[in-house]
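Listing of my_file_8.txt, compact mmCIF, C-alpha atoms and all ligand atoms
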# COMPACT_ATOMS: atom_id res chain seq x y z
CA MET A 1 -15.21 19.64 33.93
CA LYS A 2 -12.25 17.54 34.92
CA LEU A 3 -10.20 15.45 32.53
CA GLU A 4 -9.59 11.89 33.67
CA LYS A 5 -6.12 10.67 34.60
CA TYR A 6 -5.35 8.72 31.43
CA SER A 7 -6.64 10.04 28.13
CA PHE A 8 -5.91 9.22 24.53
CA GLY A 9 -6.30 11.57 21.58
CA LEU A 10 -7.76 9.94 18.51
CA GLY A 11 -7.37 11.50 15.09
CA ASP A 12 -9.45 10.32 12.19
CA ARG A 13 -8.88 12.13 8.92
CA PHE A 14 -11.90 10.70 7.11
CA ALA A 15 -14.19 10.27 10.10
CA HIS A 16 -15.00 6.65 9.30
CA GLN A 17 -13.16 4.87 12.13
CA GLY A 18 -14.74 6.36 15.26
CA ARG A 19 -16.25 3.01 16.27
CA ALA A 20 -13.06 1.03 15.56
CA GLN A 21 -11.09 3.57 17.61
CA LEU A 22 -13.56 3.48 20.47
CA ALA A 23 -13.43 -0.34 20.38
CA ALA A 24 -9.74 -0.12 21.34
CA ILE A 25 -10.59 2.18 24.27
CA ILE A 26 -13.35 -0.19 25.40
CA LYS A 27 -10.95 -3.12 25.24
CA ALA A 28 -8.46 -1.23 27.42
CA ASN A 29 -11.14 -0.40 29.96
CA GLU A 30 -12.29 -4.02 30.03
CA GLN A 31 -8.69 -4.95 30.81
CA GLY A 32 -8.62 -2.52 33.72
CA ALA A 33 -6.93 0.51 32.15
CA ASN A 34 -9.24 3.50 32.55
CA VAL A 35 -8.46 5.44 29.41
CA THR A 36 -10.74 8.26 28.22
CA PRO A 37 -11.13 8.92 24.49
CA VAL A 38 -10.65 12.40 23.03
CA TRP A 39 -11.32 12.93 19.33
CA ASN A 40 -9.17 15.66 17.82
CA LYS A 41 -8.76 17.27 14.42
CA SER A 42 -6.75 20.37 13.65
CA ASN A 43 -7.68 23.22 11.38
CA ARG A 44 -4.94 22.13 8.97
CA GLU A 45 -6.52 18.66 8.67
CA HIS A 46 -9.99 20.13 8.20
CA GLY A 47 -8.59 22.30 5.42
CA ILE A 48 -7.01 19.37 3.58
CA THR A 49 -9.96 17.00 3.98
CA GLY A 50 -12.57 19.72 3.36
CA THR A 51 -14.42 19.12 6.62
CA GLU A 52 -15.85 21.34 9.37
CA PRO A 53 -15.16 21.06 13.12
CA VAL A 54 -18.76 20.03 13.77
CA SER A 55 -18.07 16.75 11.91
CA VAL A 56 -15.78 15.55 14.71
CA ARG A 57 -18.55 15.99 17.28
CA ALA A 58 -20.95 14.09 15.02
CA GLU A 59 -18.46 11.24 14.61
CA ALA A 60 -17.71 10.98 18.33
CA ASP A 61 -21.38 11.05 19.32
CA ALA A 62 -22.24 8.43 16.70
CA ALA A 63 -19.43 6.07 17.78
CA VAL A 64 -20.39 6.43 21.44
CA ALA A 65 -24.04 5.73 20.69
CA ALA A 66 -23.27 2.76 18.43
CA LEU A 67 -21.03 1.05 20.95
CA GLY A 68 -22.96 2.08 24.05
CA TRP A 69 -19.94 3.73 25.68
CA LYS A 70 -20.98 4.96 29.10
CA GLY A 71 -17.76 6.74 30.04
CA THR A 72 -16.85 10.35 29.37
CA TYR A 73 -15.37 11.47 26.04
CA TYR A 74 -14.29 14.76 24.56
CA VAL A 75 -13.93 16.60 21.27
CA ASP A 76 -10.68 18.54 21.04
CA ALA A 77 -10.29 21.74 19.03
CA ASP A 78 -6.70 20.91 18.26
CA HIS A 79 -4.09 23.65 17.82
CA ILE A 80 -6.44 26.58 17.71
CA GLY A 81 -5.78 30.28 18.08
CA LEU A 82 -8.02 33.34 18.08
CA LYS A 83 -8.07 33.57 14.28
CA ILE A 84 -9.49 30.10 13.68
CA VAL A 85 -11.34 29.18 16.85
CA GLU A 86 -14.87 30.31 15.95
CA PRO A 87 -16.25 27.19 14.19
CA PHE A 88 -14.68 24.97 16.86
CA ILE A 89 -16.33 26.62 19.84
CA GLU A 90 -19.79 25.10 19.68
CA PRO A 91 -18.91 21.43 18.92
CA SER A 92 -15.79 21.16 21.11
CA ASP A 93 -15.37 20.69 24.85
CA PHE A 94 -11.57 20.44 24.87
CA PHE A 95 -9.44 23.30 23.53
CA THR A 96 -5.77 23.06 22.67
CA LEU A 97 -4.59 26.66 22.73
CA ASP A 98 -1.57 26.72 20.43
CA VAL A 99 0.63 29.71 21.15
CA ALA A 100 3.87 28.39 19.66
CA ASP A 101 3.89 31.18 17.05
CA PHE A 102 4.12 33.76 19.83
CA ILE A 103 7.17 32.22 21.50
CA GLY A 104 10.09 34.60 21.23
CA GLN A 105 7.94 37.70 20.73
CA ALA A 106 8.57 39.89 23.74
CA ALA A 107 5.81 41.26 25.94
CA SER A 108 6.00 44.92 26.99
CA ALA A 109 8.99 45.98 29.07
CA GLU A 110 6.66 46.75 32.00
CA ASP A 111 5.07 43.30 31.87
CA ILE A 112 8.45 41.63 31.77
CA ALA A 113 9.81 43.72 34.63
CA ALA A 114 6.72 43.02 36.73
CA PHE A 115 7.01 39.28 36.09
CA VAL A 116 10.70 39.21 36.97
CA ASP A 117 10.02 41.23 40.14
CA ARG A 118 7.19 39.01 41.24
CA TYR A 119 9.18 35.81 40.78
CA SER A 120 12.59 36.97 41.90
CA LYS A 121 11.76 35.04 45.08
CA TYR A 122 12.80 31.96 43.12
CA LEU A 123 16.29 33.28 42.39
CA GLY A 124 18.88 30.84 43.67
CA THR A 125 18.16 27.16 43.98
CA VAL A 126 14.62 25.85 43.67
CA ASP A 127 14.42 22.48 45.40
CA ILE A 128 11.97 20.15 43.81
CA ASP A 129 11.33 16.71 45.19
CA GLY A 130 11.93 14.14 42.48
CA ALA A 131 13.72 16.50 40.09
CA ALA A 132 17.25 15.43 40.95
CA GLY A 133 18.18 18.43 43.07
CA GLY A 134 15.88 20.97 41.45
CA PHE A 135 17.40 23.79 39.43
CA ASP A 136 19.26 27.06 39.79
CA VAL A 137 17.64 30.29 38.69
CA THR A 138 19.55 33.45 37.89
CA ARG A 139 18.02 36.86 37.17
CA GLN A 140 19.31 36.69 33.61
CA MET A 141 17.64 33.32 33.15
CA LEU A 142 14.34 34.54 34.60
CA GLU A 143 14.40 37.58 32.31
CA GLY A 144 15.24 35.38 29.34
CA ILE A 145 12.29 33.11 30.06
CA ALA A 146 9.95 36.08 30.50
CA VAL A 147 11.09 37.60 27.19
CA LYS A 148 10.66 34.31 25.38
CA TYR A 149 7.38 33.05 26.82
CA LEU A 150 5.37 35.73 28.60
CA LEU A 151 3.64 37.09 25.52
CA ALA A 152 2.75 33.56 24.36
CA VAL A 153 1.12 32.81 27.71
CA LYS A 154 -0.76 36.11 27.60
CA GLU A 155 -2.05 35.12 24.17
CA ALA A 156 -3.23 31.79 25.61
CA GLY A 157 -5.09 33.85 28.22
CA ARG A 158 -6.83 35.87 25.49
CA VAL A 159 -7.94 32.73 23.64
CA TYR A 160 -9.04 31.06 26.86
CA ARG A 161 -11.13 34.05 27.93
CA HIS A 162 -12.72 34.25 24.51
CA VAL A 163 -13.79 30.60 24.61
CA GLU A 164 -14.94 30.99 28.21
CA SER A 165 -17.02 34.03 27.33
CA VAL A 166 -18.99 31.92 24.84
CA LYS A 167 -19.10 28.52 26.53
CA GLY A 168 -19.03 29.50 30.18
CA LYS A 169 -16.64 28.59 32.96
CA ASP A 170 -15.95 24.92 33.75
CA SER A 171 -17.66 23.70 30.60
CA PHE A 172 -14.51 22.63 28.74
CA ILE A 173 -10.99 21.29 29.21
CA THR A 174 -8.06 23.59 28.48
CA GLU A 175 -4.71 22.51 27.10
CA VAL A 176 -1.90 24.89 26.25
CA SER A 177 0.47 23.71 23.53
CA MET A 178 3.97 24.91 22.73
CA ASP A 179 5.17 21.82 20.91
CA GLU A 180 5.26 23.08 17.34
CA THR A 181 8.43 25.08 17.75
CA ASP A 182 12.12 24.49 17.13
CA GLU A 183 13.60 24.41 20.61
CA PRO A 184 12.50 22.17 23.47
CA GLN A 185 11.31 23.74 26.71
CA ARG A 186 13.46 22.76 29.68
CA PRO A 187 11.88 21.92 33.06
CA VAL A 188 12.90 25.31 34.51
CA GLU A 189 11.21 27.07 31.60
CA MET A 190 8.06 25.05 32.11
CA PHE A 191 8.07 26.03 35.78
CA PHE A 192 7.87 29.72 34.91
CA ILE A 193 5.51 29.11 32.00
CA LEU A 194 3.15 27.45 34.50
CA THR A 195 3.33 30.36 36.89
CA ALA A 196 2.54 32.75 34.05
CA ILE A 197 -0.41 30.52 33.10
CA ALA A 198 -1.65 30.65 36.70
CA ASP A 199 -1.33 34.46 36.61
CA GLU A 200 -3.56 34.52 33.52
CA GLY A 201 -6.18 32.51 35.38
CA ILE A 202 -6.17 29.74 32.77
CA PRO A 203 -7.49 26.52 34.39
CA ILE A 204 -4.99 24.45 32.46
CA GLN A 205 -5.36 20.67 32.70
CA THR A 206 -2.83 19.55 30.11
CA ILE A 207 0.32 21.12 28.75
CA ALA A 208 2.04 20.10 25.53
CA LEU A 209 5.73 20.87 25.46
CA LYS A 210 8.34 20.28 22.88
CA PHE A 211 10.59 17.59 24.27
CA SER A 212 14.14 16.98 23.17
CA GLY A 213 14.57 14.53 20.30
CA ARG A 214 12.47 14.27 17.18
CA PHE A 215 8.75 13.48 17.23
CA ASN A 216 8.19 12.91 13.55
CA LYS A 217 4.72 12.09 12.35
CA GLY A 218 3.81 8.42 12.35
CA VAL A 219 7.28 7.02 13.01
CA ASP A 220 9.40 6.21 16.04
CA TYR A 221 11.14 8.63 18.38
CA VAL A 222 14.60 9.73 17.27
CA GLY A 223 16.91 10.90 20.02
CA ASP A 224 18.60 9.97 23.25
CA VAL A 225 16.05 7.90 25.18
CA GLY A 226 18.00 8.20 28.46
CA GLN A 227 18.04 11.99 28.17
CA PHE A 228 14.36 12.08 27.25
CA THR A 229 13.46 9.91 30.24
CA LYS A 230 15.39 12.15 32.61
CA GLU A 231 13.74 15.31 31.25
CA PHE A 232 10.30 13.76 31.25
CA GLU A 233 10.61 12.78 34.91
CA GLN A 234 11.90 16.25 35.78
CA ASP A 235 8.88 17.72 34.02
CA LEU A 236 6.57 15.52 36.08
CA ALA A 237 8.31 16.58 39.28
CA VAL A 238 8.03 20.24 38.30
CA ILE A 239 4.34 19.88 37.51
CA ARG A 240 3.66 18.24 40.86
CA PHE A 241 5.51 21.05 42.62
CA ALA A 242 3.89 23.80 40.51
CA ILE A 243 0.37 22.54 41.27
CA GLY A 244 0.88 23.17 44.98
CA GLU A 245 2.97 26.29 44.52
CA PHE A 246 0.70 28.14 42.05
CA GLY A 247 -2.68 26.59 42.84
CA LEU A 248 -3.07 24.94 39.44
CA CYS A 249 -5.60 22.13 38.78
CA GLU A 250 -4.53 19.09 40.77
CA ASN A 251 -4.97 16.84 37.73
CA LEU A 252 -2.65 18.93 35.53
CA LYS A 253 -0.68 16.56 33.31
CA LEU A 254 1.54 16.43 30.28
CA SER A 255 0.17 15.99 26.79
CA VAL A 256 2.51 14.23 24.39
CA HIS A 257 1.79 15.40 20.85
CA SER A 258 2.63 13.29 17.81
CA GLY A 259 2.66 10.64 20.51
CA SER A 260 1.65 7.80 18.23
CA ASP A 261 4.36 5.34 17.21
CA LYS A 262 6.97 6.62 19.67
CA PHE A 263 7.63 3.05 20.71
CA ALA A 264 11.18 3.73 21.89
CA ILE A 265 9.96 5.92 24.75
CA TYR A 266 6.73 4.12 25.73
CA ALA A 267 8.36 2.08 28.49
CA SER A 268 9.79 5.32 29.94
CA LEU A 269 6.40 7.06 29.80
CA ASN A 270 4.68 4.10 31.43
CA LYS A 271 7.24 3.82 34.22
CA ALA A 272 7.36 7.56 34.88
CA ILE A 273 3.61 8.15 35.19
CA LYS A 274 3.36 5.23 37.61
CA LYS A 275 6.37 6.38 39.60
CA PHE A 276 4.85 9.86 39.99
CA ASP A 277 1.28 8.55 40.17
CA THR A 278 0.24 11.13 37.61
CA GLY A 279 -1.88 11.22 34.48
CA LEU A 280 -0.95 11.49 30.83
CA HIS A 281 -2.59 12.55 27.60
CA VAL A 282 -1.21 11.03 24.42
CA LYS A 283 -2.24 12.72 21.22
CA THR A 284 -1.84 10.62 18.13
CA ALA A 285 -0.86 11.92 14.72
CA GLY A 286 -3.60 10.92 12.31
CA THR A 287 -2.13 7.46 11.85
CA THR A 288 -5.55 5.81 11.79
CA TRP A 289 -5.63 6.71 8.11
CA LEU A 290 -2.54 4.54 7.54
CA GLU A 291 -4.40 1.60 9.07
CA GLU A 292 -7.17 2.27 6.55
CA LEU A 293 -4.58 1.94 3.78
CA ILE A 294 -3.18 -1.23 5.33
CA GLY A 295 -6.68 -2.68 5.57
CA LEU A 296 -7.41 -1.79 1.94
CA ALA A 297 -4.14 -3.39 0.82
CA LEU A 298 -4.87 -6.56 2.78
CA ALA A 299 -8.39 -6.70 1.35
CA GLY A 300 -6.85 -7.06 -2.13
CA ASP A 301 -8.75 -6.40 -5.36
CA GLU A 302 -10.16 -2.90 -5.57
CA GLY A 303 -8.82 -2.05 -2.08
CA LEU A 304 -5.24 -2.87 -3.01
CA GLY A 305 -5.66 -0.98 -6.28
CA ILE A 306 -6.67 2.16 -4.42
CA ALA A 307 -3.78 1.80 -1.93
CA LYS A 308 -1.33 1.55 -4.84
CA ARG A 309 -2.81 4.53 -6.66
CA VAL A 310 -2.57 6.64 -3.50
CA TYR A 311 1.13 5.83 -3.30
CA ALA A 312 1.87 6.45 -6.99
CA GLU A 313 0.14 9.83 -6.82
CA ALA A 314 1.77 10.73 -3.48
CA LEU A 315 5.19 9.92 -4.91
CA SER A 316 4.65 12.17 -7.91
CA ARG A 317 3.50 15.01 -5.64
CA CYS A 318 5.99 14.38 -2.85
CA ASP A 319 7.23 17.96 -2.37
CA GLU A 320 3.75 19.47 -2.39
CA LEU A 321 2.47 16.98 0.19
CA CYS A 322 5.47 17.29 2.47
CA GLY A 323 5.37 21.12 2.42
CA PRO A 324 3.02 21.71 5.37
CA TYR A 325 4.77 18.99 7.41
CA VAL A 326 8.37 19.72 6.58
CA ARG A 327 9.37 20.20 10.24
CA VAL A 328 7.88 16.93 11.41
CA ILE A 329 8.93 14.40 8.77
CA ASP A 330 12.30 13.11 7.56
CA ILE A 331 11.98 11.35 4.24
CA ASP A 332 14.99 10.03 2.36
CA LYS A 333 13.71 10.05 -1.21
CA GLY A 334 16.37 7.54 -2.20
CA LYS A 335 14.69 4.98 0.05
CA LEU A 336 11.23 5.36 -1.47
CA PRO A 337 10.21 2.47 -3.72
CA SER A 338 9.23 3.42 -7.28
CA ALA A 339 5.57 3.41 -8.26
CA ASP A 340 6.33 0.53 -10.65
CA GLU A 341 7.83 -1.54 -7.87
CA VAL A 342 4.83 -0.95 -5.61
CA ALA A 343 2.47 -1.74 -8.47
CA GLY A 344 3.90 -5.26 -8.45
CA TRP A 345 3.41 -5.78 -4.70
CA SER A 346 0.90 -8.12 -3.11
CA GLY A 347 -1.39 -6.78 -0.40
CA ASP A 348 0.80 -8.41 2.24
CA GLU A 349 3.91 -6.77 0.83
CA TYR A 350 2.25 -3.34 0.79
CA ALA A 351 0.99 -3.82 4.36
CA ALA A 352 4.39 -5.04 5.58
CA ALA A 353 6.15 -1.97 4.15
CA LEU A 354 3.61 0.38 5.74
CA ARG A 355 2.74 -1.23 9.08
CA HIS A 356 4.86 0.09 11.95
CA ASP A 357 6.39 -3.19 13.03
CA ARG A 358 10.03 -2.57 13.85
CA SER A 359 10.77 -6.29 13.85
CA CYS A 360 9.67 -6.66 10.22
CA GLU A 361 12.52 -6.11 7.77
CA LYS A 362 10.12 -5.02 5.03
CA TYR A 363 8.94 -2.05 7.11
CA ASN A 364 9.96 1.18 5.33
CA LEU A 365 9.69 4.36 7.39
CA HIS A 366 10.13 6.59 4.34
CA PHE A 367 7.24 4.90 2.55
CA ARG A 368 5.21 5.25 5.74
CA GLN A 369 5.94 8.96 6.20
CA LEU A 370 5.11 9.83 2.60
CA LEU A 371 1.79 8.01 2.86
CA HIS A 372 1.15 9.68 6.19
CA VAL A 373 1.13 13.09 4.55
CA GLY A 374 -0.51 11.65 1.44
CA TYR A 375 -4.03 11.79 2.85
CA ARG A 376 -4.68 14.73 0.58
CA ILE A 377 -4.67 12.24 -2.32
CA ALA A 378 -7.30 10.07 -0.65
CA ALA A 379 -9.30 13.20 0.18
CA GLU A 380 -9.25 14.11 -3.52
CA MET A 381 -10.54 10.63 -4.39
CA GLY A 382 -13.61 11.56 -2.37
CA THR A 383 -16.26 8.88 -2.03
CA GLU A 384 -14.23 6.42 -4.09
CA PHE A 385 -11.85 6.17 -1.14
CA THR A 386 -14.42 6.30 1.65
CA ASP A 387 -16.72 3.82 -0.14
CA ALA A 388 -13.82 1.37 -0.34
CA VAL A 389 -13.09 1.89 3.36
CA ASP A 390 -16.74 1.11 4.06
CA LYS A 391 -16.78 -1.88 1.74
CA TYR A 392 -13.79 -3.44 3.53
CA GLU A 393 -14.92 -2.15 6.91
CA SER A 394 -14.31 -5.33 8.87
CA ILE A 395 -10.65 -5.75 7.92
CA VAL A 396 -9.93 -2.00 8.08
CA GLY A 397 -11.60 -1.68 11.47
CA GLN A 398 -9.60 -4.60 12.82
CA CYS A 399 -6.34 -2.91 11.78
CA VAL A 400 -7.43 0.37 13.40
CA THR A 401 -8.44 -1.23 16.71
CA GLU A 402 -5.40 -3.46 16.95
CA ASN A 403 -2.99 -0.61 16.20
CA ILE A 404 -4.42 1.59 18.95
CA TYR A 405 -4.84 -1.10 21.56
CA GLU A 406 -1.84 -3.39 21.04
CA ARG A 407 0.81 -0.97 19.85
CA HIS A 408 -0.21 2.13 21.80
CA ILE A 409 -2.51 1.87 24.81
CA LYS A 410 -1.02 -1.35 26.11
CA PRO A 411 2.64 -0.27 26.27
CA VAL A 412 1.88 3.30 27.42
CA PHE A 413 -0.76 2.74 30.09
CA MET A 414 -0.96 -0.93 31.00
CA ASP A 415 1.35 -3.20 32.98
ZN ZN B 1 0.83 19.23 18.50

Here is the file; what I need is its structure written in the form of structure tokens.
Amino acid sequence: MKLEKYSFGLGDRFAHQGRAQLAAIIKANEQGANVTPVWNKSNREHGITGTEPVSVRAEADAAVAALGWKGTYYVDADHIGLKIVEPFIEPSDFFTLDVADFIGQAASAEDIAAFVDRYSKYLGTVDIDGAAGGFDVTRQMLEGIAVKYLLAVKEAGRVYRHVESVKGKDSFITEVSMDETDEPQRPVEMFFILTAIADEGIPIQTIALKFSGRFNKGVDYVGDVGQFTKEFEQDLAVIRFAIGEFGLCENLKLSVHSGSDKFAIYASLNKAIKKFDTGLHVKTAGTTWLEELIGLALAGDEGLGIAKRVYAEALSRCDELCGPYVRVIDIDKGKLPSADEVAGWSGDEYAAALRHDRSCEKYNLHFRQLLHVGYRIAAEMGTEFTDAVDKYESIVGQCVTENIYERHIKPVFMD
């Protein structure tokens, strides 16, 4: 099973927008951009929304059948590890092996020594075409990388082999993710991470790194775009080199997590993947649910009422809701409108504050981030929320499709 060159990860907290999401993918394909849809939902999201992994498969299959999609599509067990993988195995055919928690835990001294021995042939300068002169490797550096990452890669091998033992070889796509950690991985670190992955026999097709800068949920990139662009291109050069050097899958590509809304770097991503003629997987961050809220607000009446109640409740439970996401959001509470203020807003005003349109002066990224993590409130509303989403399906669906196609797929993948 081989993942296509361009793929897009779709998250859908309440599993009601599969068709609207797929409509955006279909539109892209009609316009000549061959983008493959991948539906993903993490264990954390399943916990908060009270759903099971099998529901994502059901949603994807139903959307594909309803819209007559003839292309390939996948269901991604997002951020799984050995402890939680079981219910994901049957319905998924894409596995994101998250080993970030193992970074920094050292493997055995023998394993580290063997790794350093085996790869001491790279001591000195490694010349990599397209990586601005390559990089220098010292023994101390190689040992440091082995200490930091070898155990994590071995853990990825354990998870991979477990999934393979149940599903069989070549019957799923494998991603390895190290993005949910504090420090970014530099290109030289990725080089040795990839060789360790090859040693484990993991047929990796996508790798999720932590890049420099902040990738907060649902809002724009914060950081030095020039520096990011340079690193990203170095990563692409290293991957191209590592494929030949270590015999990795020839379609191995980067996976950008929390990739939705990172408008500041989209032009760089687009240019870089074309320059290197390589693929890209962009995983979004559950922002489809915000489009549901925007649609409800625009619908007015009962829809707007629900959108306002979600905010009022989210504001009163701000700390609780932000807890699980504290590393990936930056909310300035002083910039959050009061519940009373929002209660007086029109649907257009609510939508303008929430919609990620950087040119709109009413856009409020603090309001947006709080609502982003506020899906627990909507989950607690149960069918009251999902019935409203169904009732206003046409306007909600339009918001979902437009957001994915116009603001994401177009700038990342298209000319
Ligand atoms: Zn991630």

Protein/DNA/RNA residues near (20.1, 37.1, 36.9), cut 12 Å, only C-alpha atoms, as a PyMOL selection string
chain A and resi 116-117+119-124+136-145

task: List all protein, DNA and RNA residues that have any atom at most 8 Å from ligand ZN 1 (chain B), counting only C-alpha atoms and all ligand atoms, and write the list as a PyMOL selection string.
output: chain A and resi 78-79+177-180+208+256-258+283

Give me, please, the distance in Å between atom CA of Gly11 of chain A and atom CA of Lys308 of chain A, quoted to one decimal.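 Computing it gives 23.1 Å between the two atoms.
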
Margin query: I'd like the neighbourhood of Ser346 of chain A as number ranges by chain, where a residue qualifies if any of its atoms comes within 8 Å (using only C-alpha atoms), though same-chain residues fewer than 2 positions away should be ignored.
Written below: A: 297, 300, 344, 348-350

For the contact check between segment 254-353 of chain A and segment 35-42 of chain A, emit one row per residue of segment 254-353 of chain A within 10 Å, containing the shortest atom pair and the distance in Å rounded to one decimal, counting all atoms listed in the file, chain then rising number order, as a Markdown table.
| residue | atom | partner | partner_atom | distance |
| --- | --- | --- | --- | --- |
| A:Leu280 | CA | A:Val35 | CA | 9.7 |
| A:His281 | CA | A:Thr36 | CA | 9.2 |
| A:Val282 | CA | A:Val38 | CA | 9.6 |
| A:Lys283 | CA | A:Asn40 | CA | 8.3 |
| A:Thr284 | CA | A:Asn40 | CA | 8.9 |
| A:Ala285 | CA | A:Lys41 | CA | 9.5 |
| A:Gly286 | CA | A:Lys41 | CA | 8.4 |

- Task: Would you mind listing what lies within 8 Å of Ala237 of chain A as a PyMOL selection string, with only C-alpha atoms counted and same-chain residues fewer than 4 positions away left out?
- Result: chain A and resi 128-131+233+241+276

If you keep C-alpha atoms, can you produce a file of those selected residues as a CSV table (one decimal), in the frame of the given file?
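Saved the output as again.csv:
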chain,number,residue,atom,x,y,z
A,128,ILE,CA,12.0,20.2,43.8
A,129,ASP,CA,11.3,16.7,45.2
A,130,GLY,CA,11.9,14.1,42.5
A,131,ALA,CA,13.7,16.5,40.1
A,233,GLU,CA,10.6,12.8,34.9
A,241,PHE,CA,5.5,21.0,42.6
A,276,PHE,CA,4.8,9.9,40.0

Practice problem: In Å, rounded to a single decimal, give me how far atom CA of Glu45 of chain A is from atom CA of Ala264 of chain A. | Solution: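 So the two atoms, atom CA of Ala264 of chain A and atom CA of Glu45 of chain A, lie 26.7 Å apart.
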
If you count all atoms listed in the file, the residue of A:Ile173, A:Ala106, A:Leu269, A:Val412 closest to Gly226 of chain A turns out to be A:Leu269

(message) Can you tell me which residues surround segment 80-95 of chain A at a distance of at most 7 Å, considering only C-alpha atoms, apart from same-chain residues fewer than 4 positions away, and format the answer as a PyMOL selection string?
(response) chain A and resi 53-54+57+74-76+159+163+171-175

What separates atom CA of Ala77 of chain A and atom CA of Leu10 of chain A is a distance of 12.1 Å

Best match for closeness to Leu22 of chain A among A:Thr401, A:Glu231, A:Leu150, A:Lys410, counting only C-alpha atoms: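 Going through A:Thr401, A:Glu231, A:Leu150, A:Lys410 one by one, the smallest distance to Leu22 of chain A is for A:Thr401.
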
The residue from A:Asp224, A:Glu380, A:Asp301, A:Asp111 with the smallest atom-to-atom distance to Asp199 of chain A, counting all atoms listed in the file, is A:Asp111

Among A:Gly279, A:Gly157, A:Gly47, A:Gly134, Lys5 of chain A is approached most closely, using only C-alpha atoms, by A:Gly279

Checklist entry - Using only C-alpha atoms, which residue out of A:Ile48, A:Ala24, A:Ile294, A:Leu3 lies closest to Ile404 of chain A? => result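 Smallest distance to Ile404 of chain A is found for A:Ala24.
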
### Message
Taking 6 positions as the minimum chain separation for residues in the same chain, which residues sit within 12 Å of Asp357 of chain A when counting all atoms listed in the file? Answer as a ChimeraX atom specification.
### Response
/A:218-220,261-263,351,363-365,368,403,406-407

Exercise for the section: Please provide the set of residues having any atom within 9 Å of Ala379 of chain A, restricted to only C-alpha atoms, with same-chain residues fewer than 6 positions apart removed, written as a ChimeraX atom specification. Expected result: /A:13-14,48-50,385-386

Could you turn the residues from that selection into a file that holds C-alpha atoms, as a PDB file, keeping the file's coordinate frame?
ATOM      1  CA  ARG A  13      -8.880  12.130   8.920  1.00  0.00           C
ATOM      2  CA  PHE A  14     -11.900  10.700   7.110  1.00  0.00           C
ATOM      3  CA  ILE A  48      -7.010  19.370   3.580  1.00  0.00           C
ATOM      4  CA  THR A  49      -9.960  17.000   3.980  1.00  0.00           C
ATOM      5  CA  GLY A  50     -12.570  19.720   3.360  1.00  0.00           C
ATOM      6  CA  PHE A 385     -11.850   6.170  -1.140  1.00  0.00           C
ATOM      7  CA  THR A 386     -14.420   6.300   1.650  1.00  0.00           C
TER       8      THR A 386
END

In terms of only C-alpha atoms, the residue from A:Ala353, A:Met381, A:Ile329, A:Leu304 at minimal distance from Lys217 of chain A is A:Ile329

As AutoDock Vina command-line options, please: the centre and edge lengths in Å, to one decimal, of an axis-aligned box enclosing every listed atom of segment 267-275 of chain A with 3 Å added on each side.
--center_x 6.6 --center_y 5.1 --center_z 34.0 --size_x 12.4 --size_y 12.1 --size_z 17.1

Problem - Residues within 8 Å of (11.9, 31.7, 24.3), counting only C-alpha atoms, listed as a list in words - result: Ile103, Gly104, Gly144, Ile145, Ala146, Val147, Lys148 and Tyr149 of chain A

Please supply segment 383-393 of chain A, rebuilt with N, CA and C atoms, as a PDB file, keeping the file's coordinate frame.
ATOM      1  N   THR A 383     -15.495  10.052  -2.464  1.00  0.00           N
ATOM      2  CA  THR A 383     -16.260   8.880  -2.030  1.00  0.00           C
ATOM      3  C   THR A 383     -15.667   7.570  -2.576  1.00  0.00           C
ATOM      4  N   GLU A 384     -14.844   7.662  -3.608  1.00  0.00           N
ATOM      5  CA  GLU A 384     -14.230   6.420  -4.090  1.00  0.00           C
ATOM      6  C   GLU A 384     -13.400   5.803  -2.964  1.00  0.00           C
ATOM      7  N   PHE A 385     -12.665   6.656  -2.251  1.00  0.00           N
ATOM      8  CA  PHE A 385     -11.850   6.170  -1.140  1.00  0.00           C
ATOM      9  C   PHE A 385     -12.727   5.738   0.040  1.00  0.00           C
ATOM     10  N   THR A 386     -13.634   6.618   0.447  1.00  0.00           N
ATOM     11  CA  THR A 386     -14.420   6.300   1.650  1.00  0.00           C
ATOM     12  C   THR A 386     -15.387   5.129   1.393  1.00  0.00           C
ATOM     13  N   ASP A 387     -15.868   4.986   0.163  1.00  0.00           N
ATOM     14  CA  ASP A 387     -16.720   3.820  -0.140  1.00  0.00           C
ATOM     15  C   ASP A 387     -15.924   2.525   0.003  1.00  0.00           C
ATOM     16  N   ALA A 388     -14.661   2.569  -0.448  1.00  0.00           N
ATOM     17  CA  ALA A 388     -13.820   1.370  -0.340  1.00  0.00           C
ATOM     18  C   ALA A 388     -13.556   1.047   1.135  1.00  0.00           C
ATOM     19  N   VAL A 389     -13.308   2.089   1.924  1.00  0.00           N
ATOM     20  CA  VAL A 389     -13.090   1.890   3.360  1.00  0.00           C
ATOM     21  C   VAL A 389     -14.332   1.264   3.996  1.00  0.00           C
ATOM     22  N   ASP A 390     -15.493   1.694   3.547  1.00  0.00           N
ATOM     23  CA  ASP A 390     -16.740   1.110   4.060  1.00  0.00           C
ATOM     24  C   ASP A 390     -16.922  -0.327   3.591  1.00  0.00           C
ATOM     25  N   LYS A 391     -16.611  -0.543   2.318  1.00  0.00           N
ATOM     26  CA  LYS A 391     -16.780  -1.880   1.740  1.00  0.00           C
ATOM     27  C   LYS A 391     -15.926  -2.900   2.506  1.00  0.00           C
ATOM     28  N   TYR A 392     -14.707  -2.512   2.835  1.00  0.00           N
ATOM     29  CA  TYR A 392     -13.790  -3.440   3.530  1.00  0.00           C
ATOM     30  C   TYR A 392     -13.727  -3.111   5.023  1.00  0.00           C
ATOM     31  N   GLU A 393     -14.835  -2.644   5.539  1.00  0.00           N
ATOM     32  CA  GLU A 393     -14.920  -2.150   6.910  1.00  0.00           C
ATOM     33  C   GLU A 393     -14.381  -3.131   7.957  1.00  0.00           C
TER      34      GLU A 393
END
